[in-house]
Amino acid sequence: MDRSSALEYINQMFPTEASLSGVEPLMQKIHSEIRRVDAGILAAVRQQSNSGTKAKEDLAAATHAVQELMYKIREIKSKAEQSEAMVQEICRDIKKLDFAKKHITTTITALHRLTMLVSAVEQLQVMASKRQYKEAAAQLEAVNQLCGHFEAYRDVPKINELREKFKNIKKILKSHVFSDFSSLGTGKETEEANLLQHLSDACLVVDALEPSVREELVKNFCNKELISYQQIFEGAELAKLDKTERRYAWIKRRLRTNEEIWKIFPPAWHVDYLLCIQFCKLTRSQLVDILNNLKEKPDVAALLSALQRTLEFEEELAKKFSGGTTNSRNREYGNDVDDVDDGENSNKRIVSDIQKKYEKKLALHRGGGIEQEDKQKELLIPGAGFNFRGIISSCFEVHLTVYVELEEKTLMEHLEKLVQEETWETEEGSQTNILSSSMQVFLIIRKSLKRCASLTKNQTLFNLFEVFKRILKSYATKLYARLPKGGTGIVAAATGTDGQIKTSDRDERMICYIVNTAEYCHQTSGELAENVSKIIDSQLAEKIDISDVQDEFSAVITKALLTLVYGLETKFDAEMVAMTRVPWANLESVGDQSEYVNGINSILTGSIPVLGNLLSPTYFQFFLDKLAASLGPRFYLNIYKCKHISETGAQQMLLDTQAVKTILLEIPTLGKQSTVAASYSKFVGREMSKAESLLKVILSPVESVGDTYRALIPEGTPLEFQRILDLKGLKKADQQSLMEDFNKHNTGIKHHSAAPTIVPPAPTPPSVPNMATASTASTTTTIGGAITSREDVLARAAALGRGAATIGFKRFLALTEAAKDRKDGPFRKLFNP
């Protein structure tokens, strides 16, 4: 216990002065405990002293015991060695006897086997001479096993003699078997009833011989079978492309006729399988020669017929030897109006079989060389990887150019016919609103694709896909050419009508049909490319790209929508001219909207519902944006074409501007398109607000016209300002001072970087414009040496818009108040949002 702990302990025991009386008892108790501990320590020391002496005695006793144990172990080991020597001495003669017995047994066994081998070889020799194939086959197996026991005795002369004799006997058997098989197919099998059974027994002998004997026999048999085929179809009469089907009929007839005879061959030999492989190779070689020796392009019908028959034959062989599905190719392509996706998995399997498994083999065949590995593959059993698809038909690939050319010519003729027969109207009750010729174009393309896909999936299919692209581009060009055009020639250029496009109601419907058709072609073209990439060879799939065709149809869509806009613009020409012919300088009062506004409304009312019903929301939105971008600036510029505009005329024109803006804002509703973006309304408001600002400048007093122009049209130019002065009817002398003042202050004004944003007001009476439309920018201008805020200028312009200082406009206010109470009329729409 450290000092601090002792102090703490004492303080706990004696917390008060009164408790110090217990110090003496505590001390006595502590001394008693100390004496008890000392006595314990002393007893422990004495006990330890006694224990140490006893431990030394025990250790000495243990050491002595260990020494005695080691002595006994050495004595036992010595006795064991003596016993082992005694046992070896006793068993020495017995061991010699064991080795002697083992050698005698081995010798007896070898002699017995030698006797059996000698006897078996002699018997085999007799059987071979008598051509007893069934017994010889069993004897061959026995001799082969016996010879295996004497592999270690090759240096023994007798053994070598027997082995050579056995080897000669096998040669004799091979010679006899080949000689007997040479009579197969000569007609002797019908004369000699036992010949087939005799040859069947000979097959057992062949199986007992080396594997090379069986390979040689089968090869000789196949070559013999194909000699007549080679002689027949290498003649001038049958060595033609249109006789290809007879080749396959010959081998099928041969297989069917000799089916019973060929049962003599063991099933494991697969003689018919190997014969078909040799037949296919020979047929391919002959067809390659025929195609290469043609002096002119092959007849397409004969070429395709030969290819089709070849594919069918390969499919039959694949089914016969590889467990293929019955008529899978015919099912896959039997119906030309099915989707291209039908049989997709089978297509991929066929392509993989042709390309991956036989590409190397076919390349070697072209070069005339066959590697040993390929020879071994020919002897594999069916299902081990060999597939007949493409083994012959692939040689047609390089000669199918004429087929692609014929397909292109046929497709072009169909396209021309479809376009000529196109009515450029849709059928009644049609929900697609697309031209029937487009569906027919893709139908004939789909049929052409199916025809080609049933023949090949390689380069020819890719070449045909390029033809499809040219056909679709041609169709896009014909759609483009059908769009109404503007005036052309010297007269049109001289009269300014070369950019105008006149469209009737039928033309507008036709343009909508063209837009929908181009969109259908754009989408279907992508699906066509996707389907082709799925069925074509994987190495060519990455090259399938139809984006350039889709770009063509996108261009047609854009041009068609712009043509709609230009057509409506042309319809507005008469109304724009009528606007300039209104005597704006002589109007005495403000009335209802002008006749040209009614004309614009009538044009849009007649066209927009039809366009909204025929166009999709996306393209209708595009059309509206282009229409607003065209009509708004045109209306603005048309104001400048008016000669003189009085204050009353400007008020009337401001009313017409509000009416035109309302008409434009109601176009989406008129077209029954509720999904038009809100940006359209902002766009219309922005474009039409420019015309409103221009008219407010014209309404402004002469002394403040410059300030108002700079505030409302900050991007304006001196030339436009002078034109506004002309519209106000000011004389040249009065204009001069205003122009000098305008030019003087124009260079010192720091306008906002962007034009003032004028939010299009809700359709409210023009007598109460929305004051919130004015910009609150803090830009200031200097007028006559006094600083005038821009807010003051805009407020004054707004007051001018209300017509507060004109008697004529007070009549206009009364008219608008009366119009509020009317239930109908074109002016009522200004008060009903």
# chains A, B, ... in the order shown; residues from 1 in each chain; ligands from 1
$ select_by_dssp --residues "stretch 191-245 of chain A" --states "helix (DSSP H, G or I)" --output "ChimeraX atom specification"
/A:191,195-208,211-233,241-245
$ write_last_selection --atoms "C-alpha atoms" --output "PDB file, in the first residue's frame"
ATOM      1  CA  GLU A 191     -26.203 -64.901-107.777  1.00  0.00           C
ATOM      2  CA  LEU A 195     -21.922 -63.831-100.454  1.00  0.00           C
ATOM      3  CA  LEU A 196     -23.419 -61.114 -98.227  1.00  0.00           C
ATOM      4  CA  GLN A 197     -23.104 -63.272 -95.115  1.00  0.00           C
ATOM      5  CA  HIS A 198     -19.568 -64.154 -96.143  1.00  0.00           C
ATOM      6  CA  LEU A 199     -18.676 -60.460 -96.493  1.00  0.00           C
ATOM      7  CA  SER A 200     -20.381 -59.698 -93.193  1.00  0.00           C
ATOM      8  CA  ASP A 201     -18.042 -62.243 -91.550  1.00  0.00           C
ATOM      9  CA  ALA A 202     -15.133 -60.615 -93.365  1.00  0.00           C
ATOM     10  CA  CYS A 203     -16.020 -57.335 -91.657  1.00  0.00           C
ATOM     11  CA  LEU A 204     -15.362 -59.070 -88.348  1.00  0.00           C
ATOM     12  CA  VAL A 205     -11.883 -59.903 -89.561  1.00  0.00           C
ATOM     13  CA  VAL A 206     -11.335 -56.275 -90.576  1.00  0.00           C
ATOM     14  CA  ASP A 207     -12.349 -55.119 -87.109  1.00  0.00           C
ATOM     15  CA  ALA A 208      -9.831 -57.576 -85.630  1.00  0.00           C
ATOM     16  CA  PRO A 211      -7.810 -49.642 -87.706  1.00  0.00           C
ATOM     17  CA  SER A 212      -5.980 -48.549 -90.865  1.00  0.00           C
ATOM     18  CA  VAL A 213      -7.326 -51.655 -92.658  1.00  0.00           C
ATOM     19  CA  ARG A 214     -10.896 -50.618 -91.983  1.00  0.00           C
ATOM     20  CA  GLU A 215     -10.188 -47.043 -93.106  1.00  0.00           C
ATOM     21  CA  GLU A 216      -8.597 -48.287 -96.314  1.00  0.00           C
ATOM     22  CA  LEU A 217     -11.432 -50.706 -97.022  1.00  0.00           C
ATOM     23  CA  VAL A 218     -14.124 -48.070 -96.478  1.00  0.00           C
ATOM     24  CA  LYS A 219     -12.231 -45.541 -98.559  1.00  0.00           C
ATOM     25  CA  ASN A 220     -11.819 -48.010-101.418  1.00  0.00           C
ATOM     26  CA  PHE A 221     -15.482 -48.906-101.226  1.00  0.00           C
ATOM     27  CA  CYS A 222     -16.576 -45.251-101.312  1.00  0.00           C
ATOM     28  CA  ASN A 223     -14.256 -44.482-104.217  1.00  0.00           C
ATOM     29  CA  LYS A 224     -15.585 -47.479-106.101  1.00  0.00           C
ATOM     30  CA  GLU A 225     -19.162 -46.365-105.491  1.00  0.00           C
ATOM     31  CA  LEU A 226     -18.407 -42.850-106.729  1.00  0.00           C
ATOM     32  CA  ILE A 227     -16.517 -43.896-109.867  1.00  0.00           C
ATOM     33  CA  SER A 228     -19.729 -44.300-111.806  1.00  0.00           C
ATOM     34  CA  TYR A 229     -21.051 -41.004-110.402  1.00  0.00           C
ATOM     35  CA  GLN A 230     -17.914 -39.205-111.455  1.00  0.00           C
ATOM     36  CA  GLN A 231     -18.044 -40.689-114.934  1.00  0.00           C
ATOM     37  CA  ILE A 232     -21.726 -39.913-115.398  1.00  0.00           C
ATOM     38  CA  PHE A 233     -21.718 -36.299-114.210  1.00  0.00           C
ATOM     39  CA  LEU A 241     -25.868 -26.313-113.545  1.00  0.00           C
ATOM     40  CA  ASP A 242     -29.473 -27.173-114.288  1.00  0.00           C
ATOM     41  CA  LYS A 243     -28.694 -30.879-113.797  1.00  0.00           C
ATOM     42  CA  THR A 244     -27.623 -30.399-110.184  1.00  0.00           C
ATOM     43  CA  GLU A 245     -30.769 -31.926-108.779  1.00  0.00           C
TER      44      GLU A 245
END
$ residues_around --residues "stretch 644-651 of chain A" --least-positions-apart "6" --cutoff "6 Å" --atoms "only C-alpha atoms" --output "PyMOL selection string"
chain A and resi 584-585+587+695+699+727-729
$ atom_distance --atom1 "atom CA of A:Val582" --atom2 "atom CA of A:Asn638"
12.2 Å
$ residues_around --residues "stretch 122-126 of chain A" --least-positions-apart "4" --cutoff "8 Å" --atoms "only C-alpha atoms" --output "VMD selection string"
chain A and resid 118 130 136 139 to 140 169
$ residues_around --residues "A:Leu294" --least-positions-apart "4" --cutoff "12 Å" --atoms "only C-alpha atoms" --output "compact mmCIF listing (two decimals) with N, CA, C and O atoms, in the first residue's frame"
# COMPACT_ATOMS: atom_id res chain seq x y z
N ALA A 239 -22.97 -32.40 -117.03
CA ALA A 239 -22.09 -31.46 -116.32
C ALA A 239 -22.60 -30.04 -116.52
O ALA A 239 -21.90 -29.17 -117.07
N LYS A 240 -23.82 -29.80 -116.12
CA LYS A 240 -24.46 -28.50 -116.27
C LYS A 240 -25.11 -28.11 -114.94
O LYS A 240 -25.44 -28.96 -114.12
N LEU A 241 -25.32 -26.83 -114.80
CA LEU A 241 -25.87 -26.31 -113.54
C LEU A 241 -27.30 -26.76 -113.34
O LEU A 241 -27.73 -27.04 -112.21
N LEU A 287 -18.98 -28.82 -109.15
CA LEU A 287 -19.77 -27.59 -109.29
C LEU A 287 -18.89 -26.36 -109.39
O LEU A 287 -19.19 -25.42 -110.13
N VAL A 288 -17.79 -26.36 -108.65
CA VAL A 288 -16.86 -25.23 -108.74
C VAL A 288 -16.29 -25.13 -110.15
O VAL A 288 -16.20 -24.04 -110.73
N ASP A 289 -15.95 -26.27 -110.73
CA ASP A 289 -15.43 -26.26 -112.11
C ASP A 289 -16.50 -25.77 -113.08
O ASP A 289 -16.20 -25.00 -114.01
N ILE A 290 -17.74 -26.22 -112.90
CA ILE A 290 -18.82 -25.80 -113.79
C ILE A 290 -19.03 -24.29 -113.71
O ILE A 290 -19.14 -23.60 -114.74
N PRO A 298 -24.08 -16.82 -115.16
CA PRO A 298 -25.03 -17.93 -115.09
C PRO A 298 -26.47 -17.44 -115.08
O PRO A 298 -26.77 -16.33 -114.66
N ASP A 299 -27.35 -18.30 -115.59
CA ASP A 299 -28.76 -18.01 -115.54
C ASP A 299 -29.22 -18.00 -114.08
O ASP A 299 -28.96 -18.95 -113.32
N LEU A 303 -29.26 -20.99 -111.41
CA LEU A 303 -28.34 -20.87 -110.27
C LEU A 303 -29.09 -21.02 -108.96
O LEU A 303 -28.67 -21.78 -108.07
N HIS A 399 -20.75 -16.55 -106.76
CA HIS A 399 -21.41 -16.42 -108.06
C HIS A 399 -22.83 -15.87 -107.93
O HIS A 399 -23.57 -15.88 -108.93
$ residues_around --residues "A:Ser594" --least-positions-apart "5" --cutoff "12 Å" --atoms "only C-alpha atoms" --output "list in words"
Glu575, Met576, Ala578, Met579, Thr580, Arg581, Val582, Pro583, Trp584, Leu587, Gly599, Ile600, Asn601, Gly649, Gln651, Gln652, Met653, Leu654, Leu655, Asp656, Thr657, Gln658, Ala659, Val660, Pro826 and Phe827 of chain A
$ atom_distance --atom1 "atom CA of A:Val684" --atom2 "atom CA of A:Ala628"
6.0 Å
$ residues_around --residues "stretch 25-28 of chain A" --least-positions-apart "5" --cutoff "12 Å" --atoms "only C-alpha atoms" --output "PyMOL selection string"
chain A and resi 10+13-14+19-20+33-35
$ residues_around --residues "A:Leu561" --least-positions-apart "4" --cutoff "8 Å" --atoms "only C-alpha atoms" --output "count of residues only"
7
